[in-house]
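Okay, entry15.csv now, which holds CSV, C-alpha atoms:
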```
chain,number,residue,atom,x,y,z
A,1,MET,CA,24.9,-152.8,-52.3
A,2,ALA,CA,26.9,-151.7,-55.3
A,3,TYR,CA,29.5,-150.3,-52.9
A,4,CYS,CA,29.6,-153.6,-51.0
A,5,LEU,CA,30.4,-155.4,-54.2
A,6,ALA,CA,33.1,-152.9,-55.1
A,7,VAL,CA,34.7,-153.4,-51.6
A,8,MET,CA,34.6,-157.2,-52.0
A,9,THR,CA,36.1,-157.1,-55.4
A,10,ALA,CA,39.0,-154.9,-54.1
A,11,LEU,CA,39.4,-157.4,-51.2
A,12,LYS,CA,39.5,-160.6,-53.3
A,13,ASP,CA,43.3,-161.3,-52.7
A,14,ASP,CA,44.8,-162.5,-49.5
A,15,LYS,CA,46.0,-159.7,-47.1
A,16,SER,CA,44.5,-157.0,-49.3
A,17,GLU,CA,43.3,-153.8,-47.8
A,18,VAL,CA,40.8,-151.2,-48.6
A,19,ILE,CA,40.3,-147.6,-47.4
A,20,LEU,CA,36.6,-146.6,-47.6
A,21,MET,CA,36.3,-142.8,-47.8
A,22,ALA,CA,33.1,-140.7,-47.6
A,23,ARG,CA,32.1,-137.1,-47.1
A,24,GLY,CA,29.1,-135.4,-45.6
A,25,ARG,CA,25.9,-137.4,-45.5
A,26,ALA,CA,27.5,-140.4,-47.2
A,27,ILE,CA,29.5,-141.0,-44.0
A,28,SER,CA,26.7,-143.1,-42.5
A,29,LYS,CA,26.5,-145.1,-45.8
A,30,ALA,CA,30.3,-145.8,-45.7
A,31,VAL,CA,29.8,-147.2,-42.1
A,32,ASP,CA,26.9,-149.3,-43.3
A,33,VAL,CA,29.1,-150.7,-46.2
A,34,ALA,CA,32.0,-151.6,-43.8
A,35,GLU,CA,29.6,-153.3,-41.4
A,36,VAL,CA,27.7,-155.3,-44.0
A,37,VAL,CA,30.9,-156.5,-45.7
A,38,ARG,CA,32.4,-157.5,-42.4
A,39,ASN,CA,29.4,-159.1,-40.9
A,40,GLN,CA,27.8,-160.8,-43.8
A,41,PHE,CA,30.5,-161.5,-46.4
A,42,ILE,CA,34.2,-161.5,-45.2
A,43,SER,CA,34.5,-162.8,-41.7
A,44,ASN,CA,38.3,-162.3,-41.4
A,45,LEU,CA,38.0,-158.6,-42.3
A,46,VAL,CA,39.4,-156.3,-39.6
A,47,ILE,CA,38.8,-152.6,-39.2
A,48,LYS,CA,42.3,-151.4,-38.5
A,49,ASP,CA,41.8,-147.7,-38.3
A,50,ILE,CA,39.0,-145.0,-38.6
A,51,SER,CA,39.8,-141.4,-38.9
A,52,ILE,CA,37.7,-138.3,-39.4
A,53,GLY,CA,38.5,-134.9,-40.7
A,54,THR,CA,37.2,-131.7,-42.2
A,55,GLU,CA,37.8,-130.3,-45.7
A,56,GLN,CA,36.8,-127.1,-47.3
A,57,MET,CA,34.7,-127.3,-50.4
A,58,GLU,CA,33.8,-124.4,-52.8
A,59,THR,CA,30.1,-123.7,-53.0
A,60,GLU,CA,28.4,-122.8,-56.3
A,61,GLU,CA,28.1,-119.2,-55.1
A,62,GLY,CA,31.9,-119.0,-54.8
A,63,GLY,CA,32.1,-119.2,-51.0
A,64,THR,CA,33.6,-122.1,-49.0
A,65,ARG,CA,31.9,-124.6,-46.7
A,66,ASN,CA,33.4,-127.1,-44.3
A,67,ILE,CA,32.5,-130.7,-44.8
A,68,SER,CA,33.3,-133.7,-42.6
A,69,ASN,CA,34.8,-136.8,-44.0
A,70,ILE,CA,35.7,-140.3,-42.8
A,71,ALA,CA,38.3,-142.9,-43.8
A,72,ILE,CA,37.9,-146.5,-42.8
A,73,LEU,CA,40.9,-148.8,-43.3
A,74,MET,CA,39.9,-152.4,-43.6
A,75,VAL,CA,42.4,-155.3,-43.9
A,76,LYS,CA,41.7,-159.0,-44.7
A,77,GLU,CA,43.8,-161.1,-42.3
B,1,MET,CA,24.6,-126.8,-32.8
B,2,ALA,CA,22.7,-128.0,-29.7
B,3,TYR,CA,24.8,-131.1,-29.7
B,4,CYS,CA,28.0,-129.0,-29.9
B,5,LEU,CA,27.0,-127.1,-26.8
B,6,ALA,CA,26.2,-130.4,-25.0
B,7,VAL,CA,29.6,-131.8,-25.8
B,8,MET,CA,31.3,-128.6,-24.7
B,9,THR,CA,29.4,-128.5,-21.5
B,10,ALA,CA,30.5,-132.1,-20.8
B,11,LEU,CA,34.1,-131.2,-21.6
B,12,LYS,CA,34.3,-128.1,-19.4
B,13,ASP,CA,36.7,-129.7,-16.8
B,14,ASP,CA,40.4,-130.4,-17.5
B,15,LYS,CA,41.1,-133.9,-18.8
B,16,SER,CA,37.5,-134.7,-19.2
B,17,GLU,CA,36.3,-137.1,-21.9
B,18,VAL,CA,33.2,-137.6,-23.9
B,19,ILE,CA,32.0,-140.5,-26.0
B,20,LEU,CA,29.8,-139.4,-28.9
B,21,MET,CA,27.5,-142.2,-30.0
B,22,ALA,CA,25.1,-142.2,-33.0
B,23,ARG,CA,23.1,-144.7,-35.0
B,24,GLY,CA,22.0,-144.9,-38.6
B,25,ARG,CA,21.8,-141.6,-40.5
B,26,ALA,CA,22.8,-139.6,-37.4
B,27,ILE,CA,26.3,-141.0,-37.8
B,28,SER,CA,27.3,-138.2,-40.2
B,29,LYS,CA,25.9,-135.7,-37.7
B,30,ALA,CA,28.0,-137.1,-34.9
B,31,VAL,CA,31.1,-136.8,-37.1
B,32,ASP,CA,30.1,-133.2,-37.8
B,33,VAL,CA,29.7,-132.4,-34.1
B,34,ALA,CA,33.1,-133.9,-33.3
B,35,GLU,CA,34.8,-131.9,-36.0
B,36,VAL,CA,33.1,-128.6,-35.2
B,37,VAL,CA,33.9,-128.8,-31.5
B,38,ARG,CA,37.5,-129.8,-32.2
B,39,ASN,CA,38.2,-127.3,-35.0
B,40,GLN,CA,36.3,-124.3,-33.8
B,41,PHE,CA,35.9,-124.4,-30.0
B,42,ILE,CA,38.3,-126.7,-28.1
B,43,SER,CA,41.7,-126.8,-29.7
B,44,ASN,CA,43.3,-129.3,-27.3
B,45,LEU,CA,40.6,-131.9,-27.9
B,46,VAL,CA,42.0,-135.1,-29.2
B,47,ILE,CA,40.0,-138.0,-30.9
B,48,LYS,CA,41.4,-141.0,-29.1
B,49,ASP,CA,39.3,-143.7,-30.6
B,50,ILE,CA,36.6,-144.3,-33.2
B,51,SER,CA,34.7,-147.6,-33.3
B,52,ILE,CA,31.8,-148.8,-35.5
B,53,GLY,CA,29.4,-151.6,-35.0
B,54,THR,CA,26.0,-153.1,-35.8
B,55,GLU,CA,23.0,-153.5,-33.6
B,56,GLN,CA,19.7,-155.2,-34.1
B,57,MET,CA,16.6,-153.1,-33.7
B,58,GLU,CA,13.0,-154.3,-33.7
B,59,THR,CA,10.8,-152.8,-36.4
B,60,GLU,CA,7.2,-151.8,-35.8
B,61,GLU,CA,6.1,-154.9,-37.8
B,62,GLY,CA,7.8,-157.2,-35.3
B,63,GLY,CA,10.8,-158.1,-37.5
B,64,THR,CA,14.5,-157.1,-36.9
B,65,ARG,CA,16.7,-154.7,-38.8
B,66,ASN,CA,20.5,-154.2,-38.6
B,67,ILE,CA,21.5,-150.6,-37.9
B,68,SER,CA,25.1,-149.3,-37.9
B,69,ASN,CA,26.5,-147.2,-35.1
B,70,ILE,CA,29.5,-145.2,-34.3
B,71,ALA,CA,31.3,-144.2,-31.0
B,72,ILE,CA,33.8,-141.4,-31.0
B,73,LEU,CA,35.9,-141.0,-27.9
B,74,MET,CA,37.2,-137.5,-27.4
B,75,VAL,CA,39.6,-136.4,-24.6
B,76,LYS,CA,40.6,-132.9,-23.6
B,77,GLU,CA,44.4,-132.9,-23.0
```
Full structure transcribed into structure tokens:
Amino acid sequence: MAYCLAVMTALKDDKSEVILMARGRAISKAVDVAEVVRNQFISNLVIKDISIGTEQMETEEGGTRNISNIAILMVKE
Amino acid sequence: MAYCLAVMTALKDDKSEVILMARGRAISKAVDVAEVVRNQFISNLVIKDISIGTEQMETEEGGTRNISNIAILMVKE
């Protein structure tokens, strides 16, 4: 819910846009936030683009790990 | 990894396409599967479209709950 408030604050001006980004298990939370804001709070919010990708993160042991990410571009029309 | 194999089996023909769908916490797993298949196994796989949505599920107590979903359309080119 804190994330929803952050998104709504960022979207308070007309024609503003927000890119919601998340990595790993937080991806499903980002989708939840986008859907809750769009369905319950800002009806003229449009999801313009969704992209996914992979980035390499260093583990504590010094190795690398691939981790998925998502970017959700939302625009108030 | 079982999901990666299922996706690769479905994509074994030329120009075949797959829609990966997931709900709730499995959304991040679906993104992982898409990324692993694309980056490690099928290099000519293109993510054509990603959409997100909300559906209502009935709870065991008889009420309803909103749950987010994702659909990832992948095409072998």
Inset, instruction - Figure out the distance between CA of Lys29 (chain A) and CA of Cys4 (chain A), please, to one decimal in Å. - result: 10.4 Å
Inset, instruction - Select all residues from chain A having any atom no more than 9 Å from an atom of chain B (counting only C-alpha atoms, ignoring ligands), output as a ChimeraX atom specification. - result: /A:23-29,31-32,34-36,39,47,49-54,67-70
Inset, instruction - For Val75 (chain A), list every protein, DNA or RNA residue within 10 Å, evaluated using all atoms listed in the file, and leave out those in the same chain fewer than 2 positions away; present the list as a list in words. - result: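 Counting all atoms listed in the file, the residues come to Leu11, Asp14, Lys15, Ser16, Glu17, Val18, Ile19, Asn44, Leu45, Val46, Ile47, Lys48, Asp49, Ile72, Leu73 and Glu77 of chain A.
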Inset, instruction - Could you tell me how far CA of Gln56 (chain B) lies from CA of Ile42 (chain A), in Å and to one decimal? - result: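 Result for CA of Gln56 (chain B) versus CA of Ile42 (chain A): 19.3 Å, one decimal.
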Legend entry - Long-range neighbours of Val37 (chain A) as an MDAnalysis selection string, 10 Å cut-off, all atoms listed in the file, 6 positions minimum in chain: chainID A and resid 1 3:5 7:8 43 45
Legend entry - Gap from CA of Leu20 (chain B) to CA of Gln40 (chain B) - Å, one decimal: 17.2 Å
Keeping N, CA and C atoms (and nothing else), can you write region 12-29 of chain B of this structure as a PDB file, in the first residue's frame?
```pdb
ATOM      1  N   LYS B  12       8.977 -26.164 -30.215  1.00  0.00           N
ATOM      2  CA  LYS B  12       9.942 -26.898 -31.020  1.00  0.00           C
ATOM      3  C   LYS B  12       9.771 -26.704 -32.526  1.00  0.00           C
ATOM      4  N   ASP B  13       8.589 -26.287 -32.977  1.00  0.00           N
ATOM      5  CA  ASP B  13       8.399 -26.025 -34.410  1.00  0.00           C
ATOM      6  C   ASP B  13       8.781 -24.589 -34.760  1.00  0.00           C
ATOM      7  N   ASP B  14       9.107 -24.379 -36.048  1.00  0.00           N
ATOM      8  CA  ASP B  14       9.417 -23.036 -36.515  1.00  0.00           C
ATOM      9  C   ASP B  14       8.192 -22.142 -36.401  1.00  0.00           C
ATOM     10  N   LYS B  15       8.437 -20.885 -36.096  1.00  0.00           N
ATOM     11  CA  LYS B  15       7.375 -19.875 -36.009  1.00  0.00           C
ATOM     12  C   LYS B  15       6.272 -20.241 -35.022  1.00  0.00           C
ATOM     13  N   SER B  16       6.551 -21.101 -34.089  1.00  0.00           N
ATOM     14  CA  SER B  16       5.565 -21.416 -33.065  1.00  0.00           C
ATOM     15  C   SER B  16       5.540 -20.299 -32.028  1.00  0.00           C
ATOM     16  N   GLU B  17       4.455 -20.237 -31.278  1.00  0.00           N
ATOM     17  CA  GLU B  17       4.361 -19.227 -30.234  1.00  0.00           C
ATOM     18  C   GLU B  17       3.735 -19.804 -28.973  1.00  0.00           C
ATOM     19  N   VAL B  18       4.070 -19.184 -27.871  1.00  0.00           N
ATOM     20  CA  VAL B  18       3.607 -19.646 -26.565  1.00  0.00           C
ATOM     21  C   VAL B  18       3.144 -18.447 -25.765  1.00  0.00           C
ATOM     22  N   ILE B  19       2.039 -18.620 -25.048  1.00  0.00           N
ATOM     23  CA  ILE B  19       1.631 -17.593 -24.087  1.00  0.00           C
ATOM     24  C   ILE B  19       1.817 -18.160 -22.692  1.00  0.00           C
ATOM     25  N   LEU B  20       2.718 -17.537 -21.956  1.00  0.00           N
ATOM     26  CA  LEU B  20       2.977 -17.936 -20.572  1.00  0.00           C
ATOM     27  C   LEU B  20       2.046 -17.127 -19.685  1.00  0.00           C
ATOM     28  N   MET B  21       1.239 -17.807 -18.876  1.00  0.00           N
ATOM     29  CA  MET B  21       0.321 -17.090 -17.998  1.00  0.00           C
ATOM     30  C   MET B  21       0.569 -17.476 -16.548  1.00  0.00           C
ATOM     31  N   ALA B  22       0.437 -16.518 -15.659  1.00  0.00           N
ATOM     32  CA  ALA B  22       0.633 -16.807 -14.243  1.00  0.00           C
ATOM     33  C   ALA B  22      -0.189 -15.845 -13.411  1.00  0.00           C
ATOM     34  N   ARG B  23      -0.473 -16.254 -12.214  1.00  0.00           N
ATOM     35  CA  ARG B  23      -1.275 -15.482 -11.258  1.00  0.00           C
ATOM     36  C   ARG B  23      -0.524 -15.320  -9.956  1.00  0.00           C
ATOM     37  N   GLY B  24      -0.763 -14.184  -9.298  1.00  0.00           N
ATOM     38  CA  GLY B  24      -0.260 -13.989  -7.944  1.00  0.00           C
ATOM     39  C   GLY B  24       1.259 -14.095  -7.850  1.00  0.00           C
ATOM     40  N   ARG B  25       1.734 -14.800  -6.850  1.00  0.00           N
ATOM     41  CA  ARG B  25       3.184 -14.867  -6.626  1.00  0.00           C
ATOM     42  C   ARG B  25       3.933 -15.589  -7.723  1.00  0.00           C
ATOM     43  N   ALA B  26       3.218 -16.378  -8.529  1.00  0.00           N
ATOM     44  CA  ALA B  26       3.875 -17.104  -9.617  1.00  0.00           C
ATOM     45  C   ALA B  26       4.271 -16.177 -10.766  1.00  0.00           C
ATOM     46  N   ILE B  27       3.820 -14.911 -10.716  1.00  0.00           N
ATOM     47  CA  ILE B  27       4.158 -13.968 -11.788  1.00  0.00           C
ATOM     48  C   ILE B  27       5.672 -13.849 -11.953  1.00  0.00           C
ATOM     49  N   SER B  28       6.390 -13.735 -10.836  1.00  0.00           N
ATOM     50  CA  SER B  28       7.844 -13.589 -10.959  1.00  0.00           C
ATOM     51  C   SER B  28       8.475 -14.857 -11.520  1.00  0.00           C
ATOM     52  N   LYS B  29       7.886 -16.015 -11.230  1.00  0.00           N
ATOM     53  CA  LYS B  29       8.390 -17.261 -11.787  1.00  0.00           C
ATOM     54  C   LYS B  29       8.181 -17.305 -13.305  1.00  0.00           C
TER      55      LYS B  29
END
```
